[in-house]
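Text of the file start_4.tsv, holding TSV, C-alpha atoms and all ligand atoms:
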```tsv
chain	number	residue	atom	x	y	z
I	321	MET	CA	65.60	-11.89	-58.31
I	322	SER	CA	63.32	-14.07	-56.30
I	323	THR	CA	60.42	-15.81	-57.82
I	324	VAL	CA	57.19	-16.16	-55.99
I	325	ALA	CA	55.78	-19.64	-56.22
I	326	ARG	CA	52.17	-19.61	-57.23
I	327	PRO	CA	50.01	-21.59	-54.81
I	328	ARG	CA	48.94	-24.88	-56.22
I	329	PRO	CA	45.26	-25.66	-56.02
I	330	ILE	CA	44.43	-28.06	-53.22
I	331	GLN	CA	43.23	-31.38	-54.55
I	332	THR	CA	40.19	-32.70	-52.77
I	333	THR	CA	38.45	-35.97	-53.27
I	334	VAL	CA	34.88	-36.10	-52.19
I	335	THR	CA	34.10	-39.66	-51.23
I	336	SER	CA	30.58	-39.30	-49.96
I	337	VAL	CA	28.08	-36.61	-49.18
I	338	PRO	CA	25.41	-37.45	-46.66
I	339	SER	CA	22.00	-37.02	-48.17
I	340	VAL	CA	19.88	-34.32	-46.60
I	341	SER	CA	17.37	-36.82	-45.34
I	342	SER	CA	19.96	-39.03	-43.59
I	343	ALA	CA	21.91	-36.17	-41.94
I	344	LYS	CA	20.61	-35.76	-38.40
I	345	PRO	CA	20.72	-32.09	-37.42
I	346	SER	CA	22.69	-31.76	-34.21
I	347	PRO	CA	20.96	-29.26	-31.93
I	348	GLU	CA	22.94	-26.14	-31.11
I	349	PRO	CA	23.98	-26.23	-27.47
I	350	TYR	CA	22.38	-23.57	-25.31
I	351	GLU	CA	24.76	-20.69	-24.66
I	352	MET	CA	24.09	-17.31	-23.11
I	353	GLN	CA	24.86	-14.29	-25.26
I	354	ARG	CA	26.97	-11.42	-24.06
I	355	HIS	CA	25.24	-8.08	-24.04
I	356	THR	CA	26.63	-5.66	-26.61
I	357	GLU	CA	27.69	-3.33	-23.80
I	358	GLY	CA	30.17	-6.00	-22.71
I	359	VAL	CA	31.35	-4.77	-19.34
I	360	ILE	CA	28.53	-3.28	-17.23
I	361	LEU	CA	30.51	-2.26	-14.13
I	362	SER	CA	34.26	-1.96	-13.69
I	363	PRO	CA	36.77	-0.60	-11.15
I	364	GLN	CA	36.45	2.80	-12.85
I	365	ASP	CA	32.93	3.02	-11.41
I	366	PHE	CA	34.33	2.85	-7.87
I	367	PRO	CA	36.94	5.50	-7.08
I	368	GLY	CA	40.05	3.87	-5.66
I	369	ALA	CA	38.96	0.33	-6.51
I	370	ASP	CA	41.30	-2.38	-7.71
I	371	ALA	CA	38.71	-4.95	-8.66
I	372	VAL	CA	34.97	-5.51	-8.82
I	373	PHE	CA	33.83	-9.02	-7.92
I	374	ASN	CA	30.90	-11.24	-8.79
I	375	CYS	CA	27.58	-9.79	-7.72
I	376	GLY	CA	24.39	-10.93	-6.05
I	377	GLN	CA	21.38	-10.01	-8.18
I	378	ILE	CA	17.63	-9.73	-7.81
I	379	MET	CA	14.62	-7.64	-8.83
I	380	MET	CA	13.10	-5.24	-6.30
I	381	GLY	CA	9.85	-4.22	-7.93
I	382	GLU	CA	10.84	-2.90	-11.36
I	383	GLN	CA	14.44	-2.25	-10.34
I	384	THR	CA	17.40	-4.49	-10.95
I	385	ILE	CA	19.55	-4.68	-7.83
I	386	LEU	CA	23.16	-5.83	-7.88
I	387	LEU	CA	25.26	-6.33	-4.76
I	388	VAL	CA	28.70	-5.44	-5.99
I	389	SER	CA	31.75	-6.30	-3.91
I	390	VAL	CA	34.76	-4.11	-4.44
I	391	SER	CA	38.37	-4.57	-3.46
I	392	HIS	CA	40.02	-1.28	-2.63
I	393	ARG	CA	43.44	-0.16	-3.67
I	394	CYS	CA	45.62	0.38	-0.58
I	395	GLY	CA	42.88	-1.40	1.40
I	396	GLN	CA	40.99	1.80	1.97
I	397	TYR	CA	37.89	3.29	0.37
I	398	ARG	CA	35.98	6.10	1.96
I	399	GLY	CA	37.44	5.16	5.31
I	400	VAL	CA	36.39	1.51	5.23
I	401	LEU	CA	39.00	-1.24	5.37
I	402	GLY	CA	38.98	-4.27	3.07
I	403	ALA	CA	36.36	-5.21	0.53
I	404	THR	CA	32.96	-3.55	0.74
I	405	THR	CA	29.70	-4.52	-0.91
I	406	HIS	CA	27.67	-1.79	-2.58
I	407	VAL	CA	24.13	-1.70	-3.89
I	408	ALA	CA	23.82	-0.82	-7.59
I	409	ARG	CA	20.31	0.01	-8.83
I	410	SER	CA	19.02	0.19	-12.39
I	411	ASP	CA	15.70	0.84	-14.10
I	412	ASN	CA	16.80	-0.61	-17.45
I	413	GLY	CA	19.19	-3.35	-16.32
I	414	ILE	CA	22.11	-1.69	-18.12
I	415	ASP	CA	22.79	1.67	-16.49
I	416	PHE	CA	23.41	1.42	-12.77
I	417	GLU	CA	23.55	3.97	-9.98
I	418	ILE	CA	25.78	2.94	-7.12
I	419	ASP	CA	25.02	3.72	-3.49
I	420	PRO	CA	28.21	5.39	-2.20
I	421	ASN	CA	27.93	3.90	1.28
I	422	PRO	CA	28.40	0.14	1.40
I	423	LEU	CA	25.59	-2.16	2.49
I	424	LEU	CA	28.10	-4.73	3.75
I	425	GLN	CA	31.47	-4.00	5.26
I	426	ARG	CA	33.67	-5.26	8.05
I	427	ALA	CA	31.54	-5.10	11.18
I	428	SER	CA	32.81	-3.05	14.10
I	429	HIS	CA	31.30	-5.15	16.90
I	430	GLY	CA	29.68	-8.47	17.71
I	431	LEU	CA	30.17	-11.87	16.15
I	432	TYR	CA	30.55	-10.55	12.62
I	433	ALA	CA	33.46	-8.33	13.62
I	434	LEU	CA	35.43	-11.49	14.41
I	435	VAL	CA	34.86	-13.17	11.13
I	436	ASP	CA	33.53	-10.91	8.42
I	437	HIS	CA	36.57	-9.24	6.89
I	438	HIS	CA	35.73	-9.49	3.28
I	439	PRO	CA	32.08	-9.60	2.18
I	440	ILE	CA	32.05	-11.05	-1.34
I	441	ASP	CA	30.09	-13.58	-3.42
I	442	THR	CA	26.67	-12.53	-2.11
I	443	ARG	CA	23.72	-14.78	-2.92
I	444	VAL	CA	20.33	-13.04	-2.64
I	445	THR	CA	16.92	-14.70	-2.30
I	446	LYS	CA	13.57	-12.98	-1.76
I	447	ILE	CA	11.36	-14.85	0.70
I	448	ASP	CA	8.07	-13.16	1.54
I	449	ASP	CA	8.90	-9.47	2.19
I	450	TRP	CA	12.60	-9.91	2.94
I	451	TYR	CA	15.67	-10.13	0.75
I	452	TYR	CA	17.97	-12.67	2.40
I	453	ILE	CA	21.67	-12.30	1.72
I	454	VAL	CA	24.21	-15.07	2.28
I	455	HIS	CA	27.89	-14.36	1.94
I	456	PRO	CA	31.03	-16.15	3.00
I	457	ALA	CA	33.19	-15.21	5.93
I	458	CYS	CA	36.69	-16.14	4.80
I	459	THR	CA	39.02	-16.37	7.76
I	460	ALA	CA	42.47	-17.82	8.14
I	461	GLU	CA	41.74	-18.68	11.77
I	462	TRP	CA	38.37	-20.39	11.47
I	463	GLY	CA	37.94	-21.31	7.82
I	464	THR	CA	35.16	-20.24	5.50
I	465	PHE	CA	31.51	-20.34	6.45
I	466	GLY	CA	28.18	-18.80	5.47
I	467	LEU	CA	26.69	-15.70	7.08
I	468	LEU	CA	22.99	-14.89	6.78
I	469	GLY	CA	21.49	-11.41	6.91
I	470	ARG	CA	18.48	-9.67	5.48
I	471	THR	CA	17.12	-6.38	4.22
I	472	ARG	CA	13.75	-5.11	3.10
I	473	ASP	CA	15.01	-2.27	0.93
I	474	PHE	CA	18.79	-2.61	0.40
I	475	ASN	CA	19.27	0.41	2.66
I	476	ASP	CA	19.29	-1.24	6.08
I	477	TYR	CA	20.94	-4.59	6.68
I	478	GLU	CA	20.23	-6.89	9.60
I	479	GLU	CA	22.77	-9.54	10.59
I	480	MET	CA	21.18	-12.88	11.48
I	481	ASP	CA	23.58	-15.77	12.13
I	482	VAL	CA	26.23	-18.17	10.90
I	483	ILE	CA	24.28	-20.83	9.02
I	484	SER	CA	27.02	-23.19	7.83
I	485	LEU	CA	30.06	-24.67	9.48
I	486	PRO	CA	33.44	-24.41	7.76
I	487	ASP	CA	34.23	-25.04	5.08
I	488	ASN	CA	30.96	-24.28	3.36
I	489	ARG	CA	30.85	-20.80	2.08
I	490	VAL	CA	27.62	-20.16	0.27
I	491	PRO	CA	24.37	-21.79	1.26
I	492	CYS	CA	21.92	-20.74	-1.48
I	493	LEU	CA	18.33	-20.35	-0.31
I	494	PHE	CA	15.28	-21.45	-2.27
I	495	PRO	CA	12.71	-18.62	-2.50
I	496	GLU	CA	9.84	-20.53	-0.87
I	497	LYS	CA	9.08	-23.47	1.40
I	498	ILE	CA	8.76	-26.88	-0.24
I	499	ASN	CA	6.57	-29.42	1.53
I	500	GLY	CA	6.58	-27.23	4.64
I	501	GLN	CA	10.37	-26.88	4.84
I	502	TYR	CA	12.90	-24.24	3.85
I	503	TRP	CA	15.56	-25.56	1.49
I	504	ARG	CA	19.04	-24.56	0.46
I	505	LEU	CA	21.89	-25.75	-1.75
I	506	ASP	CA	25.33	-26.00	-0.17
I	507	ARG	CA	28.87	-26.12	-1.44
I	508	PRO	CA	30.99	-27.78	1.22
I	509	TYR	CA	34.68	-28.08	0.46
I	510	ARG	CA	36.39	-31.43	0.48
I	511	VAL	CA	39.87	-32.14	1.58
I	512	ALA	CA	41.43	-34.25	-1.14
I	513	PRO	CA	43.37	-37.06	0.54
I	514	ASN	CA	44.21	-38.61	-2.81
I	515	GLU	CA	43.80	-37.77	-6.43
I	516	HIS	CA	40.59	-39.78	-6.79
I	517	HIS	CA	38.74	-37.32	-4.63
I	518	THR	CA	37.12	-34.26	-6.06
I	519	LEU	CA	36.62	-30.88	-4.45
I	520	GLY	CA	33.55	-28.73	-4.26
I	521	ASN	CA	30.37	-30.79	-4.47
I	522	ILE	CA	26.78	-29.56	-4.28
I	523	TRP	CA	24.66	-30.70	-1.33
I	524	ALA	CA	21.15	-29.83	-0.18
I	525	ALA	CA	19.70	-29.18	3.28
I	526	SER	CA	16.29	-28.36	4.69
I	527	GLY	CA	14.91	-26.96	7.91
I	528	PRO	CA	11.89	-25.54	9.71
I	529	ASP	CA	13.26	-21.98	9.63
I	530	LEU	CA	16.20	-20.22	8.06
I	531	LEU	CA	18.54	-20.73	11.03
I	532	HIS	CA	18.26	-24.42	11.89
I	533	TRP	CA	19.24	-26.85	9.18
I	534	GLY	CA	19.47	-30.61	8.77
I	535	GLY	CA	18.60	-33.37	6.32
I	536	PHE	CA	21.94	-32.84	4.57
I	537	ARG	CA	22.08	-34.78	1.30
I	538	PRO	CA	24.70	-35.01	-1.47
I	539	MET	CA	23.38	-33.86	-4.85
I	540	LEU	CA	26.00	-33.49	-7.54
I	541	ARG	CA	29.75	-34.02	-7.90
I	542	PRO	CA	32.07	-32.41	-10.43
I	543	GLY	CA	33.52	-34.49	-13.24
I	544	PHE	CA	30.46	-34.78	-15.49
I	545	ALA	CA	31.93	-32.47	-18.13
I	546	PRO	CA	35.39	-31.12	-18.92
I	547	TRP	CA	34.49	-27.56	-17.87
I	548	ALA	CA	33.28	-28.85	-14.48
I	549	GLN	CA	36.06	-31.30	-13.79
I	550	THR	CA	37.37	-30.14	-10.43
I	551	LYS	CA	34.77	-28.09	-8.54
I	552	ILE	CA	31.17	-26.98	-8.91
I	553	GLY	CA	29.04	-24.60	-6.90
I	554	PRO	CA	25.40	-23.43	-6.82
I	555	THR	CA	23.41	-20.19	-6.84
I	556	PRO	CA	19.89	-19.49	-5.52
I	557	PRO	CA	17.34	-21.64	-7.42
I	558	ILE	CA	14.84	-19.95	-9.74
I	559	ARG	CA	11.28	-21.29	-9.95
I	560	THR	CA	10.12	-22.28	-13.45
I	561	ASP	CA	7.12	-24.36	-14.54
I	562	GLU	CA	9.45	-27.31	-15.22
I	563	GLY	CA	11.51	-27.16	-12.05
I	564	TRP	CA	14.07	-25.18	-10.06
I	565	LEU	CA	16.65	-23.74	-12.41
I	566	VAL	CA	20.10	-23.29	-10.87
I	567	VAL	CA	23.06	-21.54	-12.44
I	568	ILE	CA	26.22	-23.36	-11.38
I	569	HIS	CA	29.87	-22.60	-11.82
I	570	GLY	CA	32.32	-25.28	-12.82
I	571	VAL	CA	36.09	-25.32	-12.56
I	572	ALA	CA	38.62	-27.14	-14.69
I	573	GLY	CA	42.32	-27.35	-13.96
I	574	SER	CA	44.92	-26.54	-16.57
I	575	CYS	CA	48.67	-25.99	-16.75
I	576	GLY	CA	47.86	-22.29	-16.43
I	577	GLY	CA	45.69	-22.69	-13.33
I	578	TYR	CA	41.94	-22.93	-12.82
I	579	ARG	CA	39.43	-22.02	-15.52
I	580	TYR	CA	35.91	-21.09	-14.37
I	581	GLY	CA	32.83	-21.61	-16.56
I	582	LEU	CA	29.06	-21.64	-16.03
I	583	GLY	CA	26.30	-24.21	-16.54
I	584	LEU	CA	22.76	-25.06	-15.45
I	585	VAL	CA	20.95	-27.64	-13.34
I	586	LEU	CA	17.19	-28.29	-13.16
I	587	LEU	CA	15.62	-29.79	-10.01
I	588	GLU	CA	12.13	-31.18	-9.46
I	589	LEU	CA	9.74	-28.60	-8.05
I	590	ASP	CA	8.28	-30.80	-5.32
I	591	ASN	CA	11.48	-32.69	-4.59
I	592	PRO	CA	14.60	-30.57	-5.01
I	593	LEU	CA	16.78	-33.60	-4.31
I	594	ALA	CA	15.76	-35.02	-7.70
I	595	ILE	CA	17.83	-33.70	-10.59
I	596	ARG	CA	15.95	-33.43	-13.89
I	597	GLY	CA	18.92	-32.32	-15.93
I	598	VAL	CA	22.42	-30.86	-16.04
I	599	THR	CA	23.87	-29.06	-19.06
I	600	ARG	CA	26.95	-30.92	-20.27
I	601	HIS	CA	27.88	-27.98	-22.47
I	602	PRO	CA	28.79	-24.78	-20.61
I	603	ILE	CA	26.45	-21.81	-21.03
I	604	LEU	CA	29.36	-19.36	-20.79
I	605	MET	CA	33.14	-19.72	-20.75
I	606	PRO	CA	35.88	-17.11	-20.39
I	607	ASP	CA	36.41	-16.18	-24.03
I	608	MET	CA	36.65	-12.40	-24.11
I	609	LEU	CA	39.85	-10.57	-23.24
I	610	TYR	CA	38.20	-9.06	-20.15
I	611	GLU	CA	37.26	-12.57	-18.98
I	612	ARG	CA	40.68	-14.01	-19.69
I	613	THR	CA	42.78	-11.29	-18.12
I	614	GLY	CA	42.41	-9.53	-14.80
I	615	ALA	CA	42.96	-10.03	-11.08
I	616	VAL	CA	42.24	-13.76	-11.48
I	617	PRO	CA	42.45	-14.77	-15.17
I	618	ASN	CA	40.10	-17.11	-17.02
I	619	VAL	CA	37.07	-16.62	-14.81
I	620	VAL	CA	33.39	-16.18	-15.52
I	621	PHE	CA	31.53	-16.60	-12.24
I	622	ALA	CA	27.91	-15.88	-11.34
I	623	CYS	CA	26.19	-15.61	-7.96
I	624	GLY	CA	22.73	-15.97	-9.55
I	625	ALA	CA	20.58	-14.86	-12.45
I	626	ILE	CA	17.33	-12.95	-12.96
I	627	ALA	CA	14.48	-14.66	-14.79
I	628	ASP	CA	11.46	-13.07	-16.46
I	629	ALA	CA	8.92	-15.75	-17.38
I	630	GLU	CA	6.65	-13.31	-19.28
I	631	GLN	CA	9.46	-12.08	-21.48
I	632	ASP	CA	11.07	-15.53	-21.54
I	633	THR	CA	14.46	-14.13	-20.61
I	634	LEU	CA	17.27	-15.07	-18.30
I	635	ARG	CA	19.70	-12.28	-17.41
I	636	MET	CA	22.97	-13.06	-15.70
I	637	TYR	CA	25.33	-10.46	-14.30
I	638	TYR	CA	28.60	-12.28	-13.93
I	639	GLY	CA	32.10	-11.55	-12.73
I	640	CYS	CA	34.84	-11.40	-15.35
I	641	ALA	CA	38.34	-12.36	-14.19
I	642	ASP	CA	37.44	-11.09	-10.69
I	643	THR	CA	37.84	-7.59	-12.08
I	644	CYS	CA	34.60	-6.37	-13.65
I	645	ILE	CA	30.97	-7.36	-14.25
I	646	GLY	CA	29.51	-8.44	-17.57
I	647	LEU	CA	25.95	-9.22	-18.64
I	648	ALA	CA	24.82	-12.27	-20.57
I	649	THR	CA	21.26	-13.07	-21.60
I	650	GLY	CA	19.35	-16.01	-22.99
I	651	SER	CA	15.90	-17.47	-23.26
I	652	LEU	CA	14.51	-18.87	-20.01
I	653	SER	CA	12.61	-21.68	-21.71
I	654	GLY	CA	15.76	-22.48	-23.72
I	655	ALA	CA	17.74	-22.78	-20.50
I	656	VAL	CA	15.19	-25.17	-19.01
I	657	GLN	CA	15.02	-27.18	-22.22
I	658	ALA	CA	18.81	-27.47	-22.35
I	659	CYS	CA	18.74	-29.17	-18.93
I	660	LEU	CA	15.90	-31.46	-19.95
I	661	ASP	CA	17.62	-32.37	-23.22
I	662	ASP	CA	20.81	-33.34	-21.44
I	663	GLY	CA	19.04	-35.09	-18.56
I	664	PRO	CA	20.44	-36.15	-15.18
I	665	ILE	CA	23.94	-37.49	-14.64
I	666	GLU	CA	24.05	-41.24	-14.30
I	667	ASN	CA	25.48	-42.46	-11.00
I	668	SER	CA	25.69	-38.97	-9.58
I	701	LIG	C1	35.81	-18.53	-6.21
I	701	LIG	C2	34.99	-17.36	-5.71
I	701	LIG	C3	34.72	-16.36	-6.79
I	701	LIG	C4	35.90	-16.11	-7.68
I	701	LIG	C5	36.59	-17.39	-8.07
I	701	LIG	C6	37.85	-17.14	-8.87
I	701	LIG	O1	36.24	-19.30	-5.15
I	701	LIG	O2	35.63	-16.74	-4.65
I	701	LIG	O3	34.34	-15.12	-6.24
I	701	LIG	O4	35.44	-15.49	-8.86
I	701	LIG	O5	36.92	-18.10	-6.90
I	701	LIG	O6	38.77	-16.40	-8.15
```

Output the file's structure in the form of structure tokens.
Amino acid sequence: MSTVARPRPIQTTVTSVPSVSSAKPSPEPYEMQRHTEGVILSPQDFPGADAVFNCGQIMMGEQTILLVSVSHRCGQYRGVLGATTHVARSDNGIDFEIDPNPLLQRASHGLYALVDHHPIDTRVTKIDDWYYIVHPACTAEWGTFGLLGRTRDFNDYEEMDVISLPDNRVPCLFPEKINGQYWRLDRPYRVAPNEHHTLGNIWAASGPDLLHWGGFRPMLRPGFAPWAQTKIGPTPPIRTDEGWLVVIHGVAGSCGGYRYGLGLVLLELDNPLAIRGVTRHPILMPDMLYERTGAVPNVVFACGAIADAEQDTLRMYYGCADTCIGLATGSLSGAVQACLDDGPIENS
């Protein structure tokens, strides 16, 4: 007969207890909260789809618009080859209706037919009456570069031009001119000739219109926090009273491959080259099963966010493991404050 040893009480010795007055409360880091719905859009919403990628996002009047890129099983969906990008519309930000015909697909003629095989990672910015869409052309032959187009209503799409040389996939447009110039944030790639070099920095550029750009300036390198060790990349800046708020993604390497998280940067309103703050703590990391497993595991990735200053909310529709779309929310003023609390990166 076996005897079961009774657990012995653990002996603890309390040496000192900080008094309430001397204990400095450490502020909770700002994190976005997942919506209770969890996944908002998944491959099941697109017949024949294998995966749903990160989405562009913006308000059109009272409607939330998502540009959802879908990868099709067997490479075919309603007669269209490759990935297609569909408009999803919602009145409440949770339930979406999807336009069956894609807004973006492989072009059949012209310049875009050469290069635009796979419209994904759309960044959307409203400037005056137009919604400008930038997405990467990813080609084996020519590299990866940014394509600009526009729409007034998300029904008709007008191609404009290639606005970044390879390899720079996603110029992110500011929503208004600053000091008489248009501005954008870039994410050029870097070849890494040795291990001291990092990949995927954020740059800025400006120009007199949306097609001709110059004044290229480096802004921020990865390496300022563990979750943003290897690469970082921007999204379209959001105007707030305290500055331009930018959701960024950050990548960290691991034995199991890359891990993608999200953070925030705040830029000066009148001088977007000046960084007011960068969150050292990520605002979202791949924690849930649907963020950890999928077509590309351990990925939360956003192409933007939607702010509502009156309601003091920030809504972010983000890609989970390159397979489905989740929703996270937070306070807008909290997001700005988190950047200000952490401040700029020294020597960046
Ligand atoms: C990045 C982008 C994202 C994707 C991520 C992980 O380069 O292409 O769309 O979520 O890789 O695969």

Exercise for the section: Let me have all residues with an atom within 10 Å of ligand LIG 701 (chain I), counting all atoms listed in the file, laid out as number ranges by chain. Expected result: I: 372-375, 389, 440-442, 456, 458, 489-490, 520, 551-553, 569, 571, 578-580, 615-623, 638-643

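Note that the spacing between CA of Leu660 in chain I and CA of Val585 in chain I amounts to 9.2 Å.
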
Practice task
For CA of Gln364 in chain I and CA of Gly624 in chain I, determine how far apart the two atoms are, in Å to one decimal place.
Solution key: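 The value is 23.5 Å.
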
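The space between CA of Gly650 in chain I and CA of Trp547 in chain I spans 19.7 Å.
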
Exercise for the section: Skip Leu586 in chain I itself and residues of its chain fewer than 5 positions away, then list as an MDAnalysis selection string all residues within 8 Å of it, counting all atoms listed in the file. Expected result: chainID I and resid 563:566 595:598 656 659:660

Practice task
Name all residues at most 9 Å from Ala594 in chain I (count all atoms listed in the file; drop same-chain ones fewer than 6 positions away) and give them as a PyMOL selection string.
Solution key: chain I and resi 539+586-588+664
